[in-house]
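Before any comments, here is the structure.
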Amino acid sequence: MTRTVYLNGEWLPETKAKVSVFDRGFLFADAIYEVTAVIGGKLIDYAGHGARLRRSLGELAIPCPLSQEALLAVHREIVRRNALDEGLIYLQVSRGVADRDFAFPKGAEPTLVLFTQAKPVLDNPRTKTGLSIATVPDWRWERRDIKTVQLLYPSMAKMEAMRRGADDAWLVEDGFVTEGSAATAHIVTKNGVLVTRPLSNAILHGITRASILDLARAEGIAVDERPFTVAEAKEAAEAFITSATNFAMPVVSIDEALIGSGRPGPIAARLRDLYIADRLATAL
């Protein structure tokens, strides 16, 4: 059985869902996306993803094809049609179809696509082993706060990390860690302070990041939003990433240097448990 995909108001088998070769998402990466986790058929942190979607669309002057209420209904319906118990919903909005021109077209209708990916997000075996990280230069554009589909360099960075025997990459600019290839980077100092880069155009404004920091503060964990260097990360007691697909995932080595004991740390594990419990309680 194939998945059912949503495309511009239609529900289609994945083999029948087609987008024009003149779509600007294909020609210019003129599109944004969001990924929402699903657990027990419920949407996790949906309000945050919806707000960031609207912000990204606004930054690119792409009109949102559906109202907030209609978009939520589509998310719920795609879960139902695909009998999705656990996994992800991928959403993409492009500026639409127009003849190739660098100037934004007038009157183009946005292209809206949603599809599901069934996969375990609760019992991820990596939470037991942790991730190994390789650092690579951050050569992306300077509007990383917009969640665009131009993901070629993060893909290249991840492939370079894998070539070096690591699981993923952390991107480095002027000596400081910006973020992971598809996640926010965090460390915990030996004094128990959670350190993560402050929000700016240099990083994506992570929805899971925001939730995790709120939970950390509520637990009495000190949070310091400031840049940190690769050297400081290697000397940390713990390191971890956050994202919609990983929640909080421990990092156990950076450039082959062990972090702390070289095993997943207790603060990352605690924050992951708190996040899952809290988000399940508020899932839509």
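Naming works like this for the structure tokens: A, B, ... for the chains as they're shown, residue 1 at the start of each chain, ligands 1 onward in shown order.
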
Distance query region 264-270 of chain A at most 7 Å, only C-alpha atoms, self and fewer than 2 positions along chain excluded, as a PyMOL selection string | chain A and resi 128-130+238+240+248-252+262+272-274

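Between Ile221 (chain A) and the candidates A:Leu114, A:Thr189, A:Thr4, A:Gln92, the tightest atom-to-atom separation, counting only C-alpha atoms, involves A:Thr189.
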
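Pairwise distance (CA of Ala157 (chain A), CA of Thr135 (chain A)) equals 8.6 Å.
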
Per DSSP on the backbone, filter region 57-221 of chain A down to the residues in helix (DSSP H, G or I) and report them as an MDAnalysis selection string.
-> chainID A and resid 57:59 68:81 126:129 152:163 207:218

Contacts of Gln68 (chain A) at 12 Å or less, counting only C-alpha atoms, minus same-chain residues fewer than 3 places along, as a ChimeraX atom specification?
-> /A:46-47,49-51,53-54,64-65,71-75

Taking a cut-off of 10 Å and counting only C-alpha atoms, can you build a table that, for each residue of region 194-255 of chain A near region 27-45 of chain A, reports the nearest atom pair and how far apart they are in Å (one decimal), sorted by chain then residue number, as JSON lines?
```
{"residue": "A:Ile207", "atom": "CA", "partner": "A:Asp45", "partner_atom": "CA", "distance": 7.4}
{"residue": "A:Thr208", "atom": "CA", "partner": "A:Asp45", "partner_atom": "CA", "distance": 7.7}
{"residue": "A:Ser211", "atom": "CA", "partner": "A:Asp45", "partner_atom": "CA", "distance": 8.5}
{"residue": "A:Ser243", "atom": "CA", "partner": "A:Val35", "partner_atom": "CA", "distance": 9.5}
{"residue": "A:Ala244", "atom": "CA", "partner": "A:Ala37", "partner_atom": "CA", "distance": 6.1}
{"residue": "A:Thr245", "atom": "CA", "partner": "A:Ala37", "partner_atom": "CA", "distance": 6.3}
{"residue": "A:Asn246", "atom": "CA", "partner": "A:Ala37", "partner_atom": "CA", "distance": 9.3}
{"residue": "A:Phe247", "atom": "CA", "partner": "A:Ala37", "partner_atom": "CA", "distance": 9.3}
```

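Here the question is which of A:Leu60, A:Ala182, A:Val5, A:Val195 gets nearest to Ile89 (chain A) using only C-alpha atoms, and that residue is A:Val5.
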
10 Å contact set for Ala134 (chain A), only C-alpha atoms, chain neighbours under 6 positions out, as number ranges by chain | A: 157-158, 160-171, 180, 253-257

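Put simply, CA of Ala216 (chain A) is 27.6 Å away from CA of Arg143 (chain A).
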
Enumerate as a tab-separated table (two decimals) with C-alpha atoms, in the first residue's frame all residues of region 63-105 of chain A assigned to strand (DSSP E or B) by DSSP on the backbone, naming them with the chain letters and numbers the document uses.
```tsv
chain	number	residue	atom	x	y	z
A	86	GLU	CA	4.34	7.22	15.11
A	87	GLY	CA	6.55	9.11	12.72
A	88	LEU	CA	6.70	12.44	10.91
A	89	ILE	CA	4.68	14.78	8.72
A	90	TYR	CA	6.69	16.73	6.16
A	91	LEU	CA	5.15	19.95	4.83
A	92	GLN	CA	6.53	22.08	1.98
A	93	VAL	CA	5.27	25.33	0.51
A	94	SER	CA	6.86	26.77	-2.63
A	97	VAL	CA	4.77	27.53	-10.83
```

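Coordinates place CA of Lys119 (chain A) at a distance of 17.4 Å from CA of Glu14 (chain A).
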
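Comparing A:Ala233, A:Leu271, A:Ala277, A:Ser261 by their smallest distance to Thr127 (chain A), the closest is A:Leu271 (using only C-alpha atoms).
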
Using only C-alpha atoms, which of the listed residues (A:Arg217, A:Arg3, A:Arg52, A:Arg226) sits closest to Val177 (chain A)?
-> A:Arg226

Please provide as an mmCIF file with N, CA, C and O atoms, in the first residue's frame all residues within 9 Å of Ser20 (chain A), with the sequence filter that same-chain residues fewer than 3 positions apart are discarded (counting only C-alpha atoms).
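Full text of around_10.cif as output:
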```
data_model
loop_
_atom_site.group_PDB
_atom_site.id
_atom_site.type_symbol
_atom_site.label_atom_id
_atom_site.label_comp_id
_atom_site.auth_asym_id
_atom_site.auth_seq_id
_atom_site.Cartn_x
_atom_site.Cartn_y
_atom_site.Cartn_z
ATOM 1 N N ASP A 23 8.034 24.515 -11.161
ATOM 2 C CA ASP A 23 7.817 24.962 -9.788
ATOM 3 C C ASP A 23 9.097 25.604 -9.262
ATOM 4 O O ASP A 23 10.200 25.052 -9.397
ATOM 5 N N PHE A 26 11.565 23.672 -7.157
ATOM 6 C CA PHE A 26 12.482 22.819 -7.919
ATOM 7 C C PHE A 26 13.586 23.641 -8.581
ATOM 8 O O PHE A 26 14.757 23.262 -8.566
ATOM 9 N N GLY A 96 5.425 28.539 -6.085
ATOM 10 C CA GLY A 96 4.511 28.061 -7.110
ATOM 11 C C GLY A 96 5.157 27.928 -8.468
ATOM 12 O O GLY A 96 6.383 27.923 -8.605
ATOM 13 N N VAL A 97 4.330 27.812 -9.472
ATOM 14 C CA VAL A 97 4.771 27.526 -10.834
ATOM 15 C C VAL A 97 4.838 28.815 -11.650
ATOM 16 O O VAL A 97 3.893 29.615 -11.658
#
```

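Of the residues listed (A:Glu109, A:Thr282, A:Leu122, A:Ala185), A:Glu109 shows the shortest atom-to-atom separation from Leu66 (chain A); distances use only C-alpha atoms.
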